[in-house]
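Participant: This is the structure I have questions about; it appears just below.
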Amino acid sequence: MTVDVLIIGGGPAGLKSASLLESLGYKVVLIEKESAVGGHIKNWDRLFPDSIDAKEVLDTLIKNVSQSTIKTDKSVKFISKQKNSIYNTQLNSGETILSSALLLTTGFSLFPAQKKEEYGYGVYDGVITNADLESFFKKESKIEIENPSKIGFVHCVGSRDEKAGNKQCSKVCCITAVKQAIELKEMFPNAQIFCFYMDLRMFGRGYEDIYLKAQTEFGVRFIRGRVSEVAGSSNNKVTVKLEDTLASKPMTITLDLLVLMSGMIANKSNDNMLESLSIKMGDDGFVNIESPITDIGKTNIQGVFAAGSILGPKTLPEVIGESASVAFAIDKYLKKNKK
Amino acid sequence: MKERIIFGFDPFVIPFTLGMVFIILYLITGTVRIIFHLSAQERKNLLKLVFSLKLFKTIKEIITDVLLHVKIFKKNLLLGYMHASIAFGWFMLIVIGHVEVLLYIPQRNGVLYYPIFFRYFVMETNQTLRGGFFFFLMDLFLLMVLSGIALAIYKRFKSRRLGMKKTTKHKPGDRIALTALWLIFPLRLLAESFTADISGGSFLTKSVNSIIQLFPSYDALITPIWWAYSISLGIFFFALPFSRYMHIPTEILLIFLRNAGIVSSSSRDGFAETEIYSCSSCGICIDVCPMISVKDKTKFTSVYLIRELRRRKEAALATSSQCLMCNKCVEACPVGIDSTRLKLLKKQEEFATNFFSYINLNNGQNIKEKTSVKEQIFDDKQVVPNKQVVTKDTNIANKETLLYYAGCMTHLTPAIYEALFKILNKASVNYSFMDKDGSICCGRPLILAGAAKHAKSLIEKNREIIKNSGASVLLLSCPICYKVFKEEYNLEGIKILHHSEYINELIKKGKIKIEKTTLNISYHDPCDLGRGSGIYEQPRELLSTVGTLVKPIEEREMSACCGGALASTKFSYEQRNEIVKCALTVLNVQKANVLVTSCPLCLKTFSPIYEKETMDIAQIVYKQMI
Amino acid sequence: MEFGFQLYKEQKVDLDIIDNSIFEKIADSQPDILKCIGCGCCTATCTGGKFTPTQFRKAILLLERGLNDNAFDLLKGCMLCGKCSLVCPRGINTRDIILKFNELYNQSKF
């Protein structure tokens with residue numbers, strides 16, 4: 001089939017740009033490798049800072065895209081640029097899609113927490129990730145620990161960590177941790193909750209307010225120190241070691257539940273596709289933009305655009321904003337091409 | 001045969017003779033100095049060797065290593081032939097030359113230069129049968145040496161054909177000796193060919209002679225050519241002590257000392273000097289060193305370290321601090337030089353010892369942190385007594401219980417000991433977790449940093465705890481600890497086992513059952529477990545019950561080093577990752593579904609770089625345990 | 001101005017007058033020392049820290065403030081086990097810094 005724009009990746013970036021490009025009158029196809037669109041937000045419960053329901057956001061995004069545009073269970077097998085600047089994409093199903101422009105919105109991956117061996121993820125029942133916790137909030141899975149009375153959050157798991165191979169800050173984990181701490185306290189009002197952080201990045205509007213609320217209304221204790229190791233303790237608990245840097249003393253604490261804030265890392269499953277298109281990527285695996293301030297969305301290859309967390313960790317409002325900007329950039333490109 | 005020159009002397013022999021006298025005196029003084037630097041016990045052992053049957057083994061080793069270079073043949077046939085042809089060929093030329101003098105010109109027996117310049121001083125116009133035989137032999141060995149020299153020249157341009165990717169860079173002393181060496185035999189060929197019609201020759205020299213005869217007035221060149229031959233020999237001998245070729249005589253002394261059980265006790269004198277001068281700068285250690293994957297680190301390989309030690313350079317300490325101490329160079333060295341030990345000794349000699357102190361460990365007391373605020377109960381001077389060295393956790397009730405020591409590194413990979421405990425529970429083995437609340441380090445990192453003296457405090461303390469616990473088996477999951485417990489701790493009566501050995505025994509005895517999978521497993525030999533302790537087969541036997549092992553490019557004694565080694569303090573994290581990537585290539589991990597190690601440090605080193613799963617041997621067994 | 005009583009000088013760090021030449025010398029040969037973000041993971045995992053007041057993070061800080069003797073007190077119980085370098089998120093070569101400090105401190109004291 002022949003279209004104007006092929007959008008690869010059915011997360012919020014892909015869905016928003018699809019709806020905008022459709023409303024601009026273009027023929028769009030959006031392919032998604034899983035059986036449902038939505039990307040990571042279909043696994044989230046409530047979004048910061050205002051506790052908006054993630055499902056509502058996803059439903060809104062999907063509603064604005066016509067059914068025929070979305071094709072699930074489809075992934076890219078091979079892409080090549082033809083002589084007339086048309087992109088020829090072969091899918092795993094054998095279909096071929098010809099498009100004048102490509103929009104890459106394949107998003108990010110979550111850092112696999114078992115790679116941080118010292119935290120014992122996969123070894124101890126009481127150690128879970130932020131994703132596991134969201135799934136628990138959505139009542140889609142169980143956690144083995146019932147009625148935890150002492151809960152800890154470890155910030156920066158797989159982020160800002162040379163040893164984990166990821167130098168970048170994942171931006172959203174700090175606010176997510178504070179949000180989840182509040183939500184857990186709402187669920188287990190008698191629990192004592194701790195957040196173990198290196199730095200607290202409360203950069204957005206309303207974030208500092210949530211931080212203040214967590215401290216005052218929910219009694220969440222914020223301890224500045226990075227957790228170095230976790231060991232199993234009796235009764236299925238875990239003992240955590242860190243330094244209380246502000247008091248300059250090593251600290252230990254035994255917890256029922258430990259939540260690891262896994263960071264956002266580049267989605268490596270797309271490396272082959274990006275390399276075959278000669279898309280410039282950074283050392284961190286995310287895609288580079290030629291002029292990141294004035295021309296968001298344009299990669300180094302003409303006709304190939306990118307939006308969303310494929311370009312680096314970002315919040316949902318930023319993703320939606322970028323998608324709108326890229327939709328217009330694609331519009332401008334296609335109009336110029338038609339001449 | 002008759003003598004051609006009446007007094008059996010010509011001035012051209014002077015350069016050679018001077019060189020010969022020089023080198024003989026040098027060797028004698030060197031040998032005396034080295035033996036002087038040995039301890040009394042070591043000298044006694046040397047004497048014992050000379051008057052024992054082991055002497056024959058020593059002589060046999062000298063023949064196979066110094067003359068025939070058997071170890072180099074194992075690495076590459078051409079390379080082996082190159083070294084052996086020069087060494088053996090030249091040796092035979094000298095021996096047969098002396099035999100010739102003994103048989104035909106006995107009156108000149110004992111004259112230093114006569115056998116070397118035999119073909120100048122004798123006159124042989126008829127081809128007698130016995131003369132012809134010796135001349136044939138001499139020509140044959142000369143051809144052998146020349147073929148070796150030709151290969152050596154070729155190796156300078158195309159070293160890969162001889163199995164070497166990188167070759168050693170030369171110093172001026174080496175270049176002079178090298179040039180002289182490469183000139184000696186072609187000049188000998190020319191010189192003997194010039195006089196082949198007068199003094200006799202065989203297939204080689206006579207053929208060249210017939211070509212020479214085509215040129216008129218060639219006789220005028222006879223004496224200059226013999227001068228050139230003598231001068232090149234003289235230069236070679238004078239340059240010998242300042243070049244890599246000193247290894248030729250030194251290796252003989254090395255083999256004697258080594259067979260007498262002597263090892264290096266300083267980084268430069270005594271046995272160490274013998275090792276250092278026995279290094280031929282062959283460069284085989286360069287190719288096997290893991291450091292060469294990192295830019296600009298080739299200059300820190302063992303061959304260059306030995307050069308720095310030889311010339312007593314200050315840089316030797318910095319070079320020693322770079323070494324990962326994986327022992328691949330020691331394994332590959334055709335002379336068997338223990339360069340790791342030399343580096344360790346160097347670090348020890350230069351270690352500033354007034355810094356670290358662990359006195360609090362030995363007198364069982366904790367020192368309170370000095371605070372400027374006066375405490376009401378304790379003041380700064382008073383110490384909190386804490387004599388308890390054995391807690392109820394380590395006090396073992398019966399001999400059946402084994403004592404498990406995790407060590408510093410395994411605490412960062414709790415998956416390893418949690419899996420191990422589940423395996424032990426399944427096999428109904430009683431165990432006690434010695435360092436549950438935290439370890440006193442086993443002491444090996446201190447030893448590797450050159451602080452063996454300080455390590456003694458830690459070793460004494462740990463030894464006390466282990467002995468007082470009453471255990472008969474000490475189980476370890478870290479090869480770094482395993483090596484030091486076996487070698488430095490003197491735990492007689494206690495069996496020291498690595499968990500890969502122990503779990504393998506459990507499987508073989510049927511105490512636990514494994515469900516085999518279709519997984520392709522890449523197994524990495526940790527340096528301290530493999531080369532360091534000789535445990536290669538047990539982990540492989542164990543893993544064969546779990547899945548199929550992938551064949552790597554190098555394994556066992558020549559296995560790659562992961563790059564995480566504690567011995568080196570000079571690698572940045574990015575530089576170590578270069579070594580990791582190289583090791584992953586050697587392991588052929590692209591064919592595997594999972595990478596399995598038996599060392600927590602290797603695990604933490606590979607895990608961030610290898611995309612698929614990295615596991616310890618205990619983890620994969622637990623996963624497949626029925 | 002005269003207050004009529006003494007100012008408690010030890011209470012503050014006066015960046016104008018500190019002498020952190022040892023820190024600078026270490027930074028010349030091992031620039032990793034400049035990378036520290038003070039997360040404290042090293043101190044948390046320290047083997048020596050179980051038995052003595054050994055703390056790497058604080059020691060680096062004290063060196064930066066020119067308090068070399070205090071830094072020595074916090075590092076002399078180090079067993080060089082290497083756990084700190086394994087957990088450091090900035091990939092700092094901790095043991096090289098400790099050994100370099102060992103060398104320089106010995107030169108200045110003994």
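Going through the structure tokens in order, the chains are called A, B, and so on, while each chain numbers its residues from 1 and the ligands are numbered from 1 in the order shown.
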Please give the complete set of residues from stretch 73-235 of chain A that DSSP, run on the backbone, assigns to alpha helix (DSSP H), formatted as JSON, numbers by chain.

Facilitator: {"A": [130, 131, 132, 133, 134, 135, 136, 137, 173, 174, 175, 176, 177, 178, 179, 180, 181, 182, 183, 184, 185, 186, 187, 207, 208, 209, 210, 211, 212, 213, 214, 215, 216]}

Participant: Hey, list the chain A side of the contact with chain B: 6 Å cut-off, only C-alpha atoms, answer as JSON, numbers by chain.

Facilitator: {"A": [117, 118, 123, 164, 165]}

Participant: In Å, rounded to a single decimal, give me how far atom CA of C:Ile37 is from atom CA of A:Lys249.

Facilitator: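 Answer for the atom CA of A:Lys249 to atom CA of C:Ile37 separation: 16.5 Å.
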
Participant: Got a sec to pull out which chain B residues are within 9 Å of chain C, counting only C-alpha atoms, and send them as a VMD selection string?

Facilitator: chain B and resid 351 to 358 360 to 361 365 to 370 408 to 409 412 438 to 446 449 454 to 455 458 566 568 to 574 601 604 to 605

Participant: Now that the selection is made, can you save its residues with C-alpha atoms as a PDB file, in the first residue's frame?

Facilitator:
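So the final result, stored in result-v1.pdb, reads:
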```pdb
ATOM      1  CA  PHE B 351      54.601   0.216  48.979  1.00  0.00           C
ATOM      2  CA  ALA B 352      54.446   3.049  51.489  1.00  0.00           C
ATOM      3  CA  THR B 353      53.671   1.102  54.616  1.00  0.00           C
ATOM      4  CA  ASN B 354      52.870   3.688  57.242  1.00  0.00           C
ATOM      5  CA  PHE B 355      49.302   4.232  56.108  1.00  0.00           C
ATOM      6  CA  PHE B 356      47.040   1.255  56.573  1.00  0.00           C
ATOM      7  CA  SER B 357      46.503  -0.256  59.996  1.00  0.00           C
ATOM      8  CA  TYR B 358      44.080  -2.840  61.242  1.00  0.00           C
ATOM      9  CA  ASN B 360      41.680  -2.907  66.034  1.00  0.00           C
ATOM     10  CA  LEU B 361      40.980  -6.250  64.370  1.00  0.00           C
ATOM     11  CA  GLN B 365      38.392  -3.829  69.977  1.00  0.00           C
ATOM     12  CA  ASN B 366      36.463  -1.239  68.050  1.00  0.00           C
ATOM     13  CA  ILE B 367      37.870   2.220  68.023  1.00  0.00           C
ATOM     14  CA  LYS B 368      35.236   4.840  68.509  1.00  0.00           C
ATOM     15  CA  GLU B 369      35.184   7.609  65.971  1.00  0.00           C
ATOM     16  CA  LYS B 370      36.898  10.709  67.290  1.00  0.00           C
ATOM     17  CA  CYS B 408      33.383  -8.959  49.753  1.00  0.00           C
ATOM     18  CA  MET B 409      32.309  -9.441  46.147  1.00  0.00           C
ATOM     19  CA  LEU B 412      27.172  -7.510  45.854  1.00  0.00           C
ATOM     20  CA  GLY B 438      29.761  -8.586  56.684  1.00  0.00           C
ATOM     21  CA  SER B 439      33.208  -9.841  55.832  1.00  0.00           C
ATOM     22  CA  ILE B 440      36.673  -9.031  56.967  1.00  0.00           C
ATOM     23  CA  CYS B 441      38.238  -9.023  53.523  1.00  0.00           C
ATOM     24  CA  CYS B 442      40.168 -12.231  52.724  1.00  0.00           C
ATOM     25  CA  GLY B 443      43.309 -10.168  52.223  1.00  0.00           C
ATOM     26  CA  ARG B 444      44.083 -10.957  48.604  1.00  0.00           C
ATOM     27  CA  PRO B 445      43.361  -7.448  47.239  1.00  0.00           C
ATOM     28  CA  LEU B 446      45.914  -6.093  49.738  1.00  0.00           C
ATOM     29  CA  ALA B 449      48.431  -4.165  45.767  1.00  0.00           C
ATOM     30  CA  HIS B 454      49.204  -5.557  56.049  1.00  0.00           C
ATOM     31  CA  ALA B 455      47.213  -8.453  54.692  1.00  0.00           C
ATOM     32  CA  LEU B 458      43.307  -9.702  58.099  1.00  0.00           C
ATOM     33  CA  LEU B 566      41.546  -5.975  41.237  1.00  0.00           C
ATOM     34  CA  SER B 568      45.323  -3.293  38.389  1.00  0.00           C
ATOM     35  CA  THR B 569      44.641   0.132  39.839  1.00  0.00           C
ATOM     36  CA  LYS B 570      45.248   2.072  36.656  1.00  0.00           C
ATOM     37  CA  PHE B 571      42.345   1.199  34.382  1.00  0.00           C
ATOM     38  CA  SER B 572      39.385   3.522  34.024  1.00  0.00           C
ATOM     39  CA  TYR B 573      35.952   1.974  33.742  1.00  0.00           C
ATOM     40  CA  GLU B 574      35.748   2.680  29.985  1.00  0.00           C
ATOM     41  CA  LEU B 601      33.592 -10.105  40.018  1.00  0.00           C
ATOM     42  CA  LYS B 604      29.531  -7.917  37.696  1.00  0.00           C
ATOM     43  CA  THR B 605      32.043  -7.118  34.957  1.00  0.00           C
TER      44      THR B 605
END
```

Participant: Check every residue of chain A for an atom within 9 Å of chain C, counting only C-alpha atoms, and provide those that qualify as a list in words.

Facilitator: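 The selection requested is Glu118, Ser159, Arg160, Asp161, Glu162, Lys163, Ala164, Lys167, Tyr197, Met198, Asp199, Arg224, Gly225, Arg226, Val227, Ser228, Glu229, Lys241, Leu242, Glu243, Asp244, Thr245, Ser248, Lys249, Pro250, Met251 and Thr252 of chain A.
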
Participant: Could you list, as a list of chain:residue names, every residue within 12 Å of A:Thr294, counting only C-alpha atoms and ignoring same-chain residues fewer than 3 positions away?

Facilitator: A:Ile289, A:Glu290, A:Ser291, A:Gly297, A:Lys298, A:Glu322, A:Ser325, A:Val326, A:Ala329

Participant: Okay, now the selection with C-alpha atoms, as an mmCIF file, in the first residue's frame?

Facilitator:
```cif
data_model
loop_
_atom_site.group_PDB
_atom_site.id
_atom_site.type_symbol
_atom_site.label_atom_id
_atom_site.label_comp_id
_atom_site.auth_asym_id
_atom_site.auth_seq_id
_atom_site.Cartn_x
_atom_site.Cartn_y
_atom_site.Cartn_z
ATOM 1 C CA ILE A 289 18.066 15.595 16.273
ATOM 2 C CA GLU A 290 19.992 17.919 13.956
ATOM 3 C CA SER A 291 18.643 21.171 15.440
ATOM 4 C CA GLY A 297 11.628 16.032 15.038
ATOM 5 C CA LYS A 298 13.969 16.200 12.053
ATOM 6 C CA GLU A 322 6.571 17.222 20.439
ATOM 7 C CA SER A 325 5.386 20.013 16.475
ATOM 8 C CA VAL A 326 6.563 17.078 14.377
ATOM 9 C CA ALA A 329 7.162 19.650 10.353
#
```

Participant: Within 12 Å of B:Arg311, counting only C-alpha atoms, which residues qualify if same-chain residues fewer than 5 places away don't, as number ranges by chain?

Facilitator: B: 171, 173, 241-243, 267-268, 273, 276-277, 304-306, 316

Participant: Would you put the residues from that selection into a file with N, CA and C atoms, as a short mmCIF file (atom, residue, chain, number, x, y, z; two decimals), in the first residue's frame?

Facilitator:
```cif
data_model
loop_
_atom_site.label_atom_id
_atom_site.label_comp_id
_atom_site.auth_asym_id
_atom_site.auth_seq_id
_atom_site.Cartn_x
_atom_site.Cartn_y
_atom_site.Cartn_z
N LYS B 171 65.36 -1.73 21.26
CA LYS B 171 66.16 -0.65 21.83
C LYS B 171 67.47 -0.61 21.05
N GLY B 173 70.56 -1.06 21.90
CA GLY B 173 71.45 -2.20 22.17
C GLY B 173 70.98 -3.43 21.41
N PRO B 241 75.57 -8.29 26.47
CA PRO B 241 74.98 -7.96 27.78
C PRO B 241 73.97 -6.82 27.74
N PHE B 242 73.98 -6.02 26.67
CA PHE B 242 73.07 -4.88 26.59
C PHE B 242 71.91 -5.16 25.67
N SER B 243 71.75 -6.43 25.29
CA SER B 243 70.71 -6.77 24.32
C SER B 243 69.88 -7.93 24.83
N SER B 267 62.58 -8.05 43.18
CA SER B 267 62.16 -7.81 41.80
C SER B 267 63.33 -7.63 40.86
N ARG B 268 64.57 -7.65 41.37
CA ARG B 268 65.69 -7.40 40.46
C ARG B 268 66.90 -8.29 40.70
N GLU B 273 67.13 -11.71 38.71
CA GLU B 273 68.06 -11.26 37.68
C GLU B 273 68.19 -12.32 36.58
N ILE B 276 65.11 -12.11 34.47
CA ILE B 276 65.07 -10.90 33.66
C ILE B 276 66.00 -11.02 32.45
N TYR B 277 67.20 -11.56 32.68
CA TYR B 277 68.11 -11.68 31.56
C TYR B 277 67.78 -12.85 30.65
N TYR B 304 58.00 -5.44 28.18
CA TYR B 304 58.51 -4.09 28.44
C TYR B 304 58.77 -3.85 29.91
N LEU B 305 57.98 -4.52 30.76
CA LEU B 305 58.20 -4.42 32.21
C LEU B 305 59.56 -5.03 32.54
N ILE B 306 59.85 -6.17 31.95
CA ILE B 306 61.12 -6.84 32.24
C ILE B 306 62.28 -5.96 31.79
N ALA B 316 59.19 1.13 36.16
CA ALA B 316 58.78 -0.25 36.40
C ALA B 316 57.63 -0.33 37.40
#
```

Participant: Separation of atom CA of A:Ser19 and atom CA of A:Ser269, in Å?

Facilitator: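 So the answer is 25.8 Å.
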
Participant: Just how far from atom CA of A:Ser135 is atom CA of A:Leu257, in Å to one decimal?

Facilitator: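 Atom CA of A:Leu257 sits 15.3 Å away from atom CA of A:Ser135.
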
Participant: Would you mind listing what lies within 10 Å of stretch 213-223 of chain B as a short mmCIF file (atom, residue, chain, number, x, y, z; two decimals) with N, CA and C atoms, in the first residue's frame, with only C-alpha atoms counted and same-chain residues fewer than 6 positions away left out?

Facilitator:
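File written: part.cif
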```cif
data_model
loop_
_atom_site.label_atom_id
_atom_site.label_comp_id
_atom_site.auth_asym_id
_atom_site.auth_seq_id
_atom_site.Cartn_x
_atom_site.Cartn_y
_atom_site.Cartn_z
N ASP B 10 96.37 -14.75 13.12
CA ASP B 10 96.32 -13.63 12.19
C ASP B 10 95.62 -12.50 12.94
N PRO B 11 96.05 -11.26 12.74
CA PRO B 11 95.45 -10.17 13.53
C PRO B 11 93.93 -10.10 13.46
N PHE B 12 93.32 -10.64 12.38
CA PHE B 12 91.86 -10.49 12.27
C PHE B 12 91.12 -11.23 13.39
N TYR B 120 89.96 -20.93 7.72
CA TYR B 120 90.98 -20.00 7.24
C TYR B 120 92.36 -20.58 7.48
N LEU B 190 80.23 -16.21 3.37
CA LEU B 190 81.11 -15.58 2.38
C LEU B 190 82.57 -15.91 2.67
N ALA B 191 82.96 -15.73 3.95
CA ALA B 191 84.37 -15.93 4.31
C ALA B 191 84.80 -17.36 4.00
N GLU B 192 83.96 -18.33 4.43
CA GLU B 192 84.35 -19.73 4.21
C GLU B 192 84.29 -20.09 2.74
N SER B 193 83.42 -19.39 2.00
CA SER B 193 83.37 -19.67 0.56
C SER B 193 84.59 -19.11 -0.15
N PHE B 194 85.03 -17.92 0.31
CA PHE B 194 86.22 -17.33 -0.29
C PHE B 194 87.41 -18.29 -0.19
N THR B 195 87.53 -19.00 0.95
CA THR B 195 88.67 -19.89 1.13
C THR B 195 88.33 -21.35 0.89
N ASP B 197 88.24 -23.10 -1.78
CA ASP B 197 89.14 -23.86 -2.68
C ASP B 197 90.49 -24.15 -2.02
N TYR B 229 83.95 -10.79 9.33
CA TYR B 229 83.34 -11.89 10.08
C TYR B 229 83.75 -11.81 11.54
#
```

Participant: Near stretch 172-189 of chain A, counting only C-alpha atoms, which residues have an atom at most 10 Å away, once you skip same-chain residues fewer than 3 positions from it, shown as number ranges by chain?

Facilitator: A: 46-51, 130, 133-134, 137, 146-157, 159, 169, 192-197, 199-204, 207-208, 210-215, 217-222, 259-264, 313-316
